[in-house]
$ cat start28.json   # JSON, C-alpha atoms
[["chain", "number", "residue", "atom", "x", "y", "z"],
["W", 1, "MET", "CA", 29.70, 4.37, 14.22],
["W", 2, "THR", "CA", 25.91, 4.86, 14.34],
["W", 3, "PRO", "CA", 24.53, 3.95, 17.79],
["W", 4, "ALA", "CA", 22.04, 1.06, 17.94],
["W", 5, "PRO", "CA", 18.42, 2.27, 17.79],
["W", 6, "GLY", "CA", 16.87, 2.55, 21.26],
["W", 7, "VAL", "CA", 13.59, 1.37, 22.71],
["W", 8, "HIS", "CA", 11.86, 4.62, 21.74],
["W", 9, "VAL", "CA", 12.81, 4.15, 18.07],
["W", 10, "TRP", "CA", 11.49, 0.59, 17.97],
["W", 11, "SER", "CA", 8.37, 1.67, 19.88],
["W", 12, "ALA", "CA", 7.73, 4.35, 17.24],
["W", 13, "ILE", "CA", 8.30, 1.83, 14.43],
["W", 14, "LEU", "CA", 5.87, -0.64, 16.04],
["W", 15, "PHE", "CA", 3.29, 2.12, 16.58],
["W", 16, "VAL", "CA", 3.49, 3.20, 12.92],
["W", 17, "THR", "CA", 3.21, -0.45, 11.84],
["W", 18, "ALA", "CA", 0.18, -1.05, 14.09],
["W", 19, "LEU", "CA", -1.61, 2.00, 12.63],
["W", 20, "ALA", "CA", -0.81, 0.86, 9.07],
["W", 21, "VAL", "CA", -2.13, -2.65, 9.72],
["W", 22, "MET", "CA", -5.28, -1.36, 11.45],
["W", 23, "GLY", "CA", -5.88, 1.12, 8.62],
["W", 24, "GLU", "CA", -5.45, -1.41, 5.82],
["W", 25, "VAL", "CA", -7.53, -4.07, 7.56],
["W", 26, "MET", "CA", -10.35, -1.60, 8.30],
["W", 27, "ILE", "CA", -10.35, -0.34, 4.69],
["W", 28, "ALA", "CA", -10.28, -3.91, 3.34],
["W", 29, "SER", "CA", -13.12, -4.87, 5.69],
["W", 30, "GLY", "CA", -15.15, -1.85, 4.60],
["W", 31, "MET", "CA", -14.66, -2.59, 0.91],
["W", 32, "ARG", "CA", -15.60, -6.25, 1.41],
["W", 33, "GLN", "CA", -18.73, -5.05, 3.22],
["W", 34, "LEU", "CA", -19.65, -2.83, 0.25],
["W", 35, "GLY", "CA", -18.99, -5.43, -2.44],
["W", 36, "ASP", "CA", -17.59, -5.01, -5.97],
["W", 37, "LEU", "CA", -17.33, -1.27, -6.69],
["W", 38, "ASP", "CA", -17.68, -1.92, -10.43],
["W", 39, "ASP", "CA", -21.17, -3.34, -9.81],
["W", 40, "ILE", "CA", -22.10, -0.37, -7.60],
["W", 41, "ARG", "CA", -20.85, 2.04, -10.27],
["W", 42, "GLU", "CA", -22.93, 0.30, -12.93],
["W", 43, "SER", "CA", -26.10, 0.57, -10.87],
["W", 44, "ARG", "CA", -25.60, 3.92, -9.11],
["W", 45, "GLY", "CA", -23.03, 5.73, -11.23],
["W", 46, "LEU", "CA", -19.57, 6.98, -10.28],
["W", 47, "GLY", "CA", -20.99, 9.50, -7.79],
["W", 48, "GLY", "CA", -23.00, 6.75, -6.10],
["W", 49, "ALA", "CA", -19.91, 4.53, -5.82],
["W", 50, "ILE", "CA", -17.86, 7.36, -4.31],
["W", 51, "ALA", "CA", -20.69, 8.19, -1.89],
["W", 52, "ALA", "CA", -20.97, 4.52, -0.87],
["W", 53, "VAL", "CA", -17.25, 4.42, -0.04],
["W", 54, "LEU", "CA", -17.17, 7.76, 1.77],
["W", 55, "THR", "CA", -20.17, 6.88, 3.96],
["W", 56, "ASN", "CA", -18.82, 3.49, 5.02],
["W", 57, "ALA", "CA", -17.83, 3.67, 8.70],
["W", 58, "ARG", "CA", -15.10, 1.02, 8.45],
["W", 59, "PHE", "CA", -13.54, 2.76, 5.45],
["W", 60, "LEU", "CA", -13.58, 6.10, 7.31],
["W", 61, "ALA", "CA", -12.02, 4.49, 10.42],
["W", 62, "GLY", "CA", -9.33, 2.95, 8.21],
["W", 63, "ALA", "CA", -8.66, 6.26, 6.46],
["W", 64, "LEU", "CA", -8.33, 7.94, 9.88],
["W", 65, "CYS", "CA", -5.77, 5.29, 10.91],
["W", 66, "MET", "CA", -3.85, 5.87, 7.65],
["W", 67, "ALA", "CA", -3.84, 9.64, 8.29],
["W", 68, "LEU", "CA", -2.51, 9.07, 11.83],
["W", 69, "ASN", "CA", -0.02, 6.61, 10.33],
["W", 70, "PHE", "CA", 1.25, 9.35, 7.98],
["W", 71, "PHE", "CA", 1.90, 11.83, 10.80],
["W", 72, "SER", "CA", 3.41, 9.22, 13.13],
["W", 73, "MET", "CA", 5.65, 8.16, 10.22],
["W", 74, "LEU", "CA", 6.89, 11.77, 9.95],
["W", 75, "PHE", "CA", 7.63, 11.74, 13.70],
["W", 76, "THR", "CA", 9.41, 8.38, 13.44],
["W", 77, "LEU", "CA", 11.58, 9.65, 10.58],
["W", 78, "SER", "CA", 12.62, 12.56, 12.79],
["W", 79, "ILE", "CA", 14.10, 10.19, 15.40],
["W", 80, "ALA", "CA", 15.16, 7.20, 13.26],
["W", 81, "ASP", "CA", 17.21, 6.71, 10.10],
["W", 82, "LEU", "CA", 15.18, 6.22, 6.93],
["W", 83, "SER", "CA", 17.39, 3.22, 6.10],
["W", 84, "LEU", "CA", 16.13, 1.51, 9.29],
["W", 85, "ALA", "CA", 12.56, 2.81, 9.55],
["W", 86, "GLY", "CA", 11.63, 2.35, 5.84],
["W", 87, "PRO", "CA", 12.36, -1.36, 5.43],
["W", 88, "ALA", "CA", 11.42, -2.22, 9.04],
["W", 89, "ILE", "CA", 7.97, -0.62, 8.76],
["W", 90, "ALA", "CA", 7.33, -2.06, 5.28],
["W", 91, "ALA", "CA", 8.39, -5.58, 6.30],
["W", 92, "LEU", "CA", 6.50, -5.58, 9.62],
["W", 93, "THR", "CA", 3.39, -4.18, 7.89],
["W", 94, "TYR", "CA", 3.37, -7.04, 5.35],
["W", 95, "VAL", "CA", 3.63, -9.65, 8.11],
["W", 96, "GLY", "CA", 1.07, -7.84, 10.28],
["W", 97, "ASN", "CA", -1.35, -7.57, 7.34],
["W", 98, "ALA", "CA", -1.06, -11.29, 6.58],
["W", 99, "VAL", "CA", -1.72, -12.24, 10.24],
["W", 100, "ALA", "CA", -4.57, -9.72, 10.59],
["W", 101, "ALA", "CA", -6.09, -10.81, 7.26],
["W", 102, "LYS", "CA", -6.16, -14.40, 8.49],
["W", 103, "PHE", "CA", -7.68, -13.71, 11.91],
["W", 104, "PHE", "CA", -9.79, -10.56, 11.43],
["W", 105, "LEU", "CA", -10.78, -10.73, 7.73],
["W", 106, "ARG", "CA", -10.82, -14.55, 7.78],
["W", 107, "GLU", "CA", -8.95, -14.71, 4.47],
["W", 108, "ARG", "CA", -7.59, -18.07, 3.45],
["W", 109, "VAL", "CA", -3.89, -17.35, 3.89],
["W", 110, "ASP", "CA", -2.53, -20.63, 2.53],
["W", 111, "ARG", "CA", 1.08, -21.75, 2.14],
["W", 112, "ARG", "CA", 1.33, -19.94, -1.19],
["W", 113, "ARG", "CA", 0.40, -16.58, 0.41],
["W", 114, "TRP", "CA", 2.68, -17.08, 3.43],
["W", 115, "LEU", "CA", 5.53, -17.86, 1.02],
["W", 116, "ALA", "CA", 4.70, -14.69, -0.93],
["W", 117, "THR", "CA", 4.72, -12.68, 2.32],
["W", 118, "VAL", "CA", 8.15, -14.03, 3.27],
["W", 119, "CYS", "CA", 9.46, -13.26, -0.24],
["W", 120, "MET", "CA", 8.07, -9.70, -0.02],
["W", 121, "VAL", "CA", 9.61, -9.08, 3.41],
["W", 122, "VAL", "CA", 13.07, -10.35, 2.42],
["W", 123, "GLY", "CA", 12.80, -8.72, -1.02],
["W", 124, "VAL", "CA", 11.90, -5.28, 0.37],
["W", 125, "ILE", "CA", 14.72, -5.47, 2.95],
["W", 126, "LEU", "CA", 17.24, -6.38, 0.22],
["W", 127, "LEU", "CA", 15.95, -3.62, -2.08],
["W", 128, "VAL", "CA", 15.86, -0.67, 0.29],
["W", 129, "ARG", "CA", 18.65, -1.32, 2.78],
["Z", 1, "MET", "CA", -13.75, -21.37, -6.18],
["Z", 2, "LYS", "CA", -11.10, -19.71, -8.30],
["Z", 3, "HIS", "CA", -11.93, -16.19, -9.42],
["Z", 4, "VAL", "CA", -10.94, -15.27, -12.94],
["Z", 5, "LEU", "CA", -10.01, -11.61, -13.09],
["Z", 6, "LYS", "CA", -11.44, -9.41, -15.85],
["Z", 7, "PRO", "CA", -9.04, -7.42, -18.06],
["Z", 8, "SER", "CA", -10.18, -4.23, -16.30],
["Z", 9, "GLN", "CA", -9.21, -5.79, -12.95],
["Z", 10, "TYR", "CA", -5.74, -6.66, -14.26],
["Z", 11, "ALA", "CA", -5.50, -3.02, -15.40],
["Z", 12, "ILE", "CA", -6.36, -1.88, -11.86],
["Z", 13, "LEU", "CA", -3.62, -4.12, -10.37],
["Z", 14, "ALA", "CA", -1.13, -2.75, -12.93],
["Z", 15, "THR", "CA", -2.13, 0.80, -11.99],
["Z", 16, "ILE", "CA", -1.52, -0.02, -8.30],
["Z", 17, "MET", "CA", 1.95, -1.34, -9.21],
["Z", 18, "LEU", "CA", 2.89, 1.75, -11.21],
["Z", 19, "SER", "CA", 1.06, 4.75, -9.77],
["Z", 20, "ALA", "CA", 2.47, 4.89, -6.22],
["Z", 21, "SER", "CA", 6.09, 4.44, -7.25],
["Z", 22, "ILE", "CA", 5.92, 6.85, -10.19],
["Z", 23, "GLY", "CA", 3.96, 9.32, -8.02],
["Z", 24, "ASP", "CA", 6.66, 9.14, -5.31],
["Z", 25, "SER", "CA", 9.33, 9.75, -7.97],
["Z", 26, "PHE", "CA", 7.49, 12.86, -9.20],
["Z", 27, "LEU", "CA", 7.13, 14.13, -5.60],
["Z", 28, "LYS", "CA", 10.85, 13.57, -5.02],
["Z", 29, "ARG", "CA", 11.75, 15.46, -8.20],
["Z", 30, "GLY", "CA", 9.37, 18.30, -7.30],
["Z", 31, "MET", "CA", 10.67, 18.60, -3.73],
["Z", 32, "ASP", "CA", 14.24, 18.68, -5.05],
["Z", 33, "GLN", "CA", 13.22, 21.78, -7.01],
["Z", 34, "VAL", "CA", 11.28, 23.35, -4.11],
["Z", 35, "GLY", "CA", 14.09, 22.88, -1.58],
["Z", 36, "ALA", "CA", 14.32, 21.60, 1.97],
["Z", 37, "VAL", "CA", 11.30, 22.30, 4.18],
["Z", 38, "ASN", "CA", 11.78, 22.87, 7.91],
["Z", 39, "LEU", "CA", 9.80, 24.44, 10.75],
["Z", 40, "HIS", "CA", 11.10, 27.91, 9.86],
["Z", 41, "HIS", "CA", 10.13, 27.58, 6.17],
["Z", 42, "LEU", "CA", 6.76, 25.84, 6.29],
["Z", 43, "GLY", "CA", 5.49, 28.31, 3.64],
["Z", 44, "LEU", "CA", 7.50, 26.33, 1.09],
["Z", 45, "LEU", "CA", 4.86, 23.59, 1.38],
["Z", 46, "TRP", "CA", 2.31, 26.04, -0.08],
["Z", 47, "HIS", "CA", 4.68, 26.90, -2.94],
["Z", 48, "ALA", "CA", 5.21, 23.18, -3.50],
["Z", 49, "LEU", "CA", 1.54, 22.88, -4.52],
["Z", 50, "PHE", "CA", 2.28, 25.07, -7.57],
["Z", 51, "ASN", "CA", 5.11, 22.83, -8.77],
["Z", 52, "PRO", "CA", 3.94, 20.72, -11.76],
["Z", 53, "TYR", "CA", 5.93, 17.66, -10.64],
["Z", 54, "ILE", "CA", 4.27, 17.82, -7.20],
["Z", 55, "ASP", "CA", 0.84, 18.20, -8.83],
["Z", 56, "ILE", "CA", 1.39, 15.18, -11.08],
["Z", 57, "GLY", "CA", 2.68, 13.22, -8.06],
["Z", 58, "ILE", "CA", -0.42, 14.07, -6.02],
["Z", 59, "VAL", "CA", -2.73, 13.06, -8.90],
["Z", 60, "LEU", "CA", -0.89, 9.74, -9.25],
["Z", 61, "LEU", "CA", -1.09, 9.05, -5.49],
["Z", 62, "VAL", "CA", -4.82, 9.86, -5.44],
["Z", 63, "GLY", "CA", -5.14, 7.46, -8.38],
["Z", 64, "PHE", "CA", -3.21, 4.83, -6.42],
["Z", 65, "PHE", "CA", -5.53, 5.12, -3.42],
["Z", 66, "ALA", "CA", -8.64, 4.97, -5.63],
["Z", 67, "THR", "CA", -7.45, 1.85, -7.50],
["Z", 68, "TYR", "CA", -6.20, 0.20, -4.28],
["Z", 69, "THR", "CA", -9.59, 0.74, -2.67],
["Z", 70, "THR", "CA", -11.35, -0.59, -5.77],
["Z", 71, "ALA", "CA", -9.16, -3.71, -5.81],
["Z", 72, "LEU", "CA", -9.99, -4.43, -2.16],
["Z", 73, "SER", "CA", -13.68, -4.49, -3.10],
["Z", 74, "TRP", "CA", -13.16, -7.66, -5.19],
["Z", 75, "ALA", "CA", -9.90, -9.18, -3.92],
["Z", 76, "ASP", "CA", -8.33, -10.20, -0.61],
["Z", 77, "LEU", "CA", -5.88, -7.90, 1.14],
["Z", 78, "THR", "CA", -3.23, -10.65, 0.96],
["Z", 79, "PHE", "CA", -3.85, -10.91, -2.81],
["Z", 80, "VAL", "CA", -3.40, -7.15, -3.42],
["Z", 81, "MET", "CA", -0.36, -6.76, -1.09],
["Z", 82, "PRO", "CA", 2.26, -8.09, -3.56],
["Z", 83, "ALA", "CA", 1.04, -5.55, -6.13],
["Z", 84, "THR", "CA", 1.92, -2.75, -3.69],
["Z", 85, "ALA", "CA", 5.31, -4.38, -2.97],
["Z", 86, "PHE", "CA", 5.98, -4.46, -6.73],
["Z", 87, "GLY", "CA", 6.18, -0.65, -6.54],
["Z", 88, "TYR", "CA", 9.62, -1.08, -4.93],
["Z", 89, "VAL", "CA", 10.70, -3.04, -8.01],
["Z", 90, "VAL", "CA", 9.41, -0.28, -10.31],
["Z", 91, "ILE", "CA", 11.39, 2.34, -8.33],
["Z", 92, "ALA", "CA", 14.56, 0.22, -8.49],
["Z", 93, "LEU", "CA", 14.17, -0.39, -12.24],
["Z", 94, "MET", "CA", 13.46, 3.32, -12.85],
["Z", 95, "GLY", "CA", 16.65, 4.11, -10.95],
["Z", 96, "ARG", "CA", 18.58, 1.61, -13.07],
["Z", 97, "TYR", "CA", 17.27, 2.45, -16.53],
["Z", 98, "TRP", "CA", 16.09, 6.09, -16.21],
["Z", 99, "LEU", "CA", 18.58, 7.54, -13.72],
["Z", 100, "HIS", "CA", 21.38, 5.09, -14.69],
["Z", 101, "GLU", "CA", 22.03, 4.08, -11.07],
["Z", 102, "GLN", "CA", 23.94, 0.88, -10.38],
["Z", 103, "LEU", "CA", 21.96, -1.95, -8.79],
["Z", 104, "SER", "CA", 23.90, -4.26, -6.48],
["Z", 105, "LEU", "CA", 23.49, -8.04, -6.54],
["Z", 106, "SER", "CA", 21.43, -7.92, -3.32],
["Z", 107, "ARG", "CA", 18.99, -5.45, -4.95],
["Z", 108, "TRP", "CA", 18.60, -7.72, -7.98],
["Z", 109, "MET", "CA", 17.89, -10.55, -5.52],
["Z", 110, "GLY", "CA", 15.27, -8.34, -3.84],
["Z", 111, "ILE", "CA", 13.63, -7.68, -7.23],
["Z", 112, "LEU", "CA", 13.61, -11.41, -7.99],
["Z", 113, "LEU", "CA", 11.99, -12.24, -4.63],
["Z", 114, "ILE", "CA", 9.21, -9.65, -5.04],
["Z", 115, "VAL", "CA", 8.54, -10.88, -8.59],
["Z", 116, "CYS", "CA", 8.31, -14.42, -7.14],
["Z", 117, "ALA", "CA", 5.85, -13.14, -4.48],
["Z", 118, "VAL", "CA", 3.63, -11.65, -7.20],
["Z", 119, "GLY", "CA", 3.82, -14.94, -9.13],
["Z", 120, "PHE", "CA", 2.92, -17.07, -6.08],
["Z", 121, "VAL", "CA", -0.17, -15.00, -5.26],
["Z", 122, "ALA", "CA", -1.29, -14.43, -8.87],
["Z", 123, "GLY", "CA", -1.45, -18.21, -9.36],
["Z", 124, "GLY", "CA", -4.06, -18.60, -6.60],
["Z", 125, "PRO", "CA", -7.61, -17.38, -6.00],
["Z", 126, "SER", "CA", -8.11, -13.62, -5.69],
["Z", 127, "ARG", "CA", -10.76, -13.81, -2.98],
["Z", 128, "THR", "CA", -11.74, -15.99, -0.04],
["Z", 129, "GLU", "CA", -15.40, -16.92, -0.15],
["Z", 130, "HIS", "CA", -17.46, -16.79, 3.03],
["Z", 131, "SER", "CA", -20.78, -15.96, 1.44],
["Z", 132, "GLU", "CA", -23.13, -15.99, 4.47],
["Z", 133, "LEU", "CA", -21.07, -13.47, 6.38],
["Z", 134, "ASP", "CA", -20.61, -11.37, 3.23],
["Z", 135, "GLN", "CA", -24.39, -11.21, 2.81],
["Z", 136, "MET", "CA", -24.81, -10.14, 6.45],
["Z", 137, "ASP", "CA", -22.09, -7.52, 5.96],
["Z", 138, "ALA", "CA", -23.65, -6.27, 2.73],
["Z", 139, "GLY", "CA", -27.00, -5.94, 4.46],
["Z", 140, "ALA", "CA", -25.42, -3.90, 7.23],
["Z", 141, "GLY", "CA", -23.34, -1.78, 4.85],
["Z", 142, "ARG", "CA", -26.02, -0.58, 2.40]]

$ encode --input "start28.json" --output "structure tokens"
Amino acid sequence: MTPAPGVHVWSAILFVTALAVMGEVMIASGMRQLGDLDDIRESRGLGGAIAAVLTNARFLAGALCMALNFFSMLFTLSIADLSLAGPAIAALTYVGNAVAAKFFLRERVDRRRWLATVCMVVGVILLVR
Amino acid sequence: MKHVLKPSQYAILATIMLSASIGDSFLKRGMDQVGAVNLHHLGLLWHALFNPYIDIGIVLLVGFFATYTTALSWADLTFVMPATAFGYVVIALMGRYWLHEQLSLSRWMGILLIVCAVGFVAGGPSRTEHSELDQMDAGAGR
């Protein structure tokens, strides 16, 4: 029988989740700050749009979080089963993103979006377990 | 205000749904050919870059990140999230119809729930308006 995952496994899962949420929220915040990339591309060309993204501090901070998330995910997979870490991180990230989007990005997370978040969490757990 | 998405924006959401999952499948197929990588055989990672399946997978994942970033410039994070979750459905359906794997009832239920999540969010507005703060942000960001 597989032993129950310990505190260190759940700590690693929560750490990976926190980095994913921070990364996605920072990138979303940076892109909202820039505005519609299609409009920027029309006025400044593709190179201008890429330059605008790559010089945005929030985007760069988010990308750094996602890079750290990638390496901490590799570490987590070395101490936890993929069948636990995969769905747990995906599900917690969806919930964390919805909460962070409401409070940090001030998105209108109405009943419809909460319901969608719950469906995604349960759906992903059913699909990958 | 309800945003109406342009056809190009629907195409970007469809690319998000497809590119990550298909890219992951190509990476998996490529790494199966390359073999297991461990601390004693890290050089295999360099060889992996010359595998065509790995190359296609990397291109698709770069495409995913570019389209995901683009979508976040005109839509809320909570609007785009179900599109990323739909990638799990694509992987499951590829397993069923391409690799002829059996899908259990619980996996079909998972697919149904994620499709419902996409439907719930797609029926609502794509972006929350808070124009004054957006203008302040835009002024600081450009």

$ interface_residues --input "start28.json" --of "chain Z" --to "chain W" --cutoff "8 Å" --atoms "only C-alpha atoms" --output "PyMOL selection string"
chain Z and resi 69-70+72-74+76-79+81-82+85+88-89+92+106-114+116-118+120-121+124+127-128+134+137-138+140-142

$ closest_residue --input "start28.json" --among "Z:Tyr68, Z:Trp98, Z:Tyr53, Z:Phe86" --to "Lys28 of chain Z" --atoms "only C-alpha atoms"
Z:Tyr53

$ residues_near_point --input "start28.json" --point "(-11.2, 1.8, 11.1)" --cutoff "6 Å" --atoms "only C-alpha atoms" --output "ChimeraX atom specification"
/W:23,26,58,61-62

$ atom_distance --input "start28.json" --atom1 "atom CA of Gly57 of chain Z" --atom2 "atom CA of Arg96 of chain Z"
20.3 Å

$ atom_distance --input "start28.json" --atom1 "atom CA of Ala51 of chain W" --atom2 "atom CA of Ala71 of chain Z"
17.0 Å

$ atom_distance --input "start28.json" --atom1 "atom CA of Ala67 of chain W" --atom2 "atom CA of Leu18 of chain Z"
22.1 Å

$ residues_near_point --input "start28.json" --point "(-0.1, 2.2, 15.1)" --cutoff "12 Å" --atoms "all atoms listed in the file" --output "ChimeraX atom specification"
/W:11-24,62,64-73,76,89,92-93,96

$ closest_residue --input "start28.json" --among "Z:Ile91, Z:Phe65, Z:Asn51, Z:Ala14" --to "Gly30 of chain Z" --atoms "all atoms listed in the file"
Z:Asn51

$ closest_residue --input "start28.json" --among "Z:Ile12, Z:Leu44, Z:Ala66, Z:Leu103" --to "Leu54 of chain W" --atoms "only C-alpha atoms"
Z:Ala66

$ build_atoms --input "start28.json" --residues "segment 83-107 of chain Z" --atoms "N, CA and C atoms" --output "PDB file, keeping the file's coordinate frame"
ATOM      1  N   ALA Z  83       1.076  -6.595  -5.105  1.00  0.00           N
ATOM      2  CA  ALA Z  83       1.040  -5.550  -6.130  1.00  0.00           C
ATOM      3  C   ALA Z  83       1.625  -4.250  -5.575  1.00  0.00           C
ATOM      4  N   THR Z  84       1.345  -3.968  -4.281  1.00  0.00           N
ATOM      5  CA  THR Z  84       1.920  -2.750  -3.690  1.00  0.00           C
ATOM      6  C   THR Z  84       3.424  -2.922  -3.509  1.00  0.00           C
ATOM      7  N   ALA Z  85       3.865  -4.138  -3.141  1.00  0.00           N
ATOM      8  CA  ALA Z  85       5.310  -4.380  -2.970  1.00  0.00           C
ATOM      9  C   ALA Z  85       6.039  -4.236  -4.302  1.00  0.00           C
ATOM     10  N   PHE Z  86       5.340  -4.546  -5.407  1.00  0.00           N
ATOM     11  CA  PHE Z  86       5.980  -4.460  -6.730  1.00  0.00           C
ATOM     12  C   PHE Z  86       6.392  -3.022  -7.045  1.00  0.00           C
ATOM     13  N   GLY Z  87       5.779  -2.049  -6.355  1.00  0.00           N
ATOM     14  CA  GLY Z  87       6.180  -0.650  -6.540  1.00  0.00           C
ATOM     15  C   GLY Z  87       7.654  -0.439  -6.238  1.00  0.00           C
ATOM     16  N   TYR Z  88       8.192  -1.188  -5.251  1.00  0.00           N
ATOM     17  CA  TYR Z  88       9.620  -1.080  -4.930  1.00  0.00           C
ATOM     18  C   TYR Z  88      10.468  -1.524  -6.133  1.00  0.00           C
ATOM     19  N   VAL Z  89       9.982  -2.554  -6.826  1.00  0.00           N
ATOM     20  CA  VAL Z  89      10.700  -3.040  -8.010  1.00  0.00           C
ATOM     21  C   VAL Z  89      10.690  -1.968  -9.100  1.00  0.00           C
ATOM     22  N   VAL Z  90       9.526  -1.327  -9.281  1.00  0.00           N
ATOM     23  CA  VAL Z  90       9.410  -0.280 -10.310  1.00  0.00           C
ATOM     24  C   VAL Z  90      10.394   0.858  -9.997  1.00  0.00           C
ATOM     25  N   ILE Z  91      10.461   1.258  -8.711  1.00  0.00           N
ATOM     26  CA  ILE Z  91      11.390   2.340  -8.330  1.00  0.00           C
ATOM     27  C   ILE Z  91      12.839   1.924  -8.629  1.00  0.00           C
ATOM     28  N   ALA Z  92      13.191   0.690  -8.272  1.00  0.00           N
ATOM     29  CA  ALA Z  92      14.560   0.220  -8.490  1.00  0.00           C
ATOM     30  C   ALA Z  92      14.883   0.186  -9.992  1.00  0.00           C
ATOM     31  N   LEU Z  93      13.919  -0.298 -10.799  1.00  0.00           N
ATOM     32  CA  LEU Z  93      14.170  -0.390 -12.240  1.00  0.00           C
ATOM     33  C   LEU Z  93      14.213   1.004 -12.886  1.00  0.00           C
ATOM     34  N   MET Z  94      13.385   1.943 -12.352  1.00  0.00           N
ATOM     35  CA  MET Z  94      13.460   3.320 -12.850  1.00  0.00           C
ATOM     36  C   MET Z  94      14.829   3.918 -12.535  1.00  0.00           C
ATOM     37  N   GLY Z  95      15.324   3.629 -11.334  1.00  0.00           N
ATOM     38  CA  GLY Z  95      16.650   4.110 -10.950  1.00  0.00           C
ATOM     39  C   GLY Z  95      17.721   3.550 -11.871  1.00  0.00           C
ATOM     40  N   ARG Z  96      17.562   2.269 -12.234  1.00  0.00           N
ATOM     41  CA  ARG Z  96      18.580   1.610 -13.070  1.00  0.00           C
ATOM     42  C   ARG Z  96      18.537   2.126 -14.509  1.00  0.00           C
ATOM     43  N   TYR Z  97      17.340   2.180 -15.093  1.00  0.00           N
ATOM     44  CA  TYR Z  97      17.270   2.450 -16.530  1.00  0.00           C
ATOM     45  C   TYR Z  97      16.962   3.902 -16.880  1.00  0.00           C
ATOM     46  N   TRP Z  98      16.402   4.683 -15.926  1.00  0.00           N
ATOM     47  CA  TRP Z  98      16.090   6.090 -16.210  1.00  0.00           C
ATOM     48  C   TRP Z  98      17.174   6.993 -15.631  1.00  0.00           C
ATOM     49  N   LEU Z  99      17.566   6.701 -14.373  1.00  0.00           N
ATOM     50  CA  LEU Z  99      18.580   7.540 -13.720  1.00  0.00           C
ATOM     51  C   LEU Z  99      19.984   6.937 -13.826  1.00  0.00           C
ATOM     52  N   HIS Z 100      20.094   5.760 -14.463  1.00  0.00           N
ATOM     53  CA  HIS Z 100      21.380   5.090 -14.690  1.00  0.00           C
ATOM     54  C   HIS Z 100      22.144   4.824 -13.392  1.00  0.00           C
ATOM     55  N   GLU Z 101      21.378   4.472 -12.315  1.00  0.00           N
ATOM     56  CA  GLU Z 101      22.030   4.080 -11.070  1.00  0.00           C
ATOM     57  C   GLU Z 101      22.473   2.613 -11.183  1.00  0.00           C
ATOM     58  N   GLN Z 102      23.485   2.268 -10.398  1.00  0.00           N
ATOM     59  CA  GLN Z 102      23.940   0.880 -10.380  1.00  0.00           C
ATOM     60  C   GLN Z 102      23.113   0.099  -9.356  1.00  0.00           C
ATOM     61  N   LEU Z 103      22.683  -1.091  -9.738  1.00  0.00           N
ATOM     62  CA  LEU Z 103      21.960  -1.950  -8.790  1.00  0.00           C
ATOM     63  C   LEU Z 103      22.896  -3.066  -8.337  1.00  0.00           C
ATOM     64  N   SER Z 104      23.028  -3.208  -7.009  1.00  0.00           N
ATOM     65  CA  SER Z 104      23.900  -4.260  -6.480  1.00  0.00           C
ATOM     66  C   SER Z 104      23.224  -5.622  -6.646  1.00  0.00           C
ATOM     67  N   LEU Z 105      24.029  -6.674  -6.431  1.00  0.00           N
ATOM     68  CA  LEU Z 105      23.490  -8.040  -6.540  1.00  0.00           C
ATOM     69  C   LEU Z 105      22.344  -8.247  -5.561  1.00  0.00           C
ATOM     70  N   SER Z 106      22.484  -7.694  -4.331  1.00  0.00           N
ATOM     71  CA  SER Z 106      21.430  -7.920  -3.320  1.00  0.00           C
ATOM     72  C   SER Z 106      20.129  -7.249  -3.767  1.00  0.00           C
ATOM     73  N   ARG Z 107      20.220  -6.101  -4.456  1.00  0.00           N
ATOM     74  CA  ARG Z 107      18.990  -5.450  -4.950  1.00  0.00           C
ATOM     75  C   ARG Z 107      18.346  -6.261  -6.072  1.00  0.00           C
TER      76      ARG Z 107
END
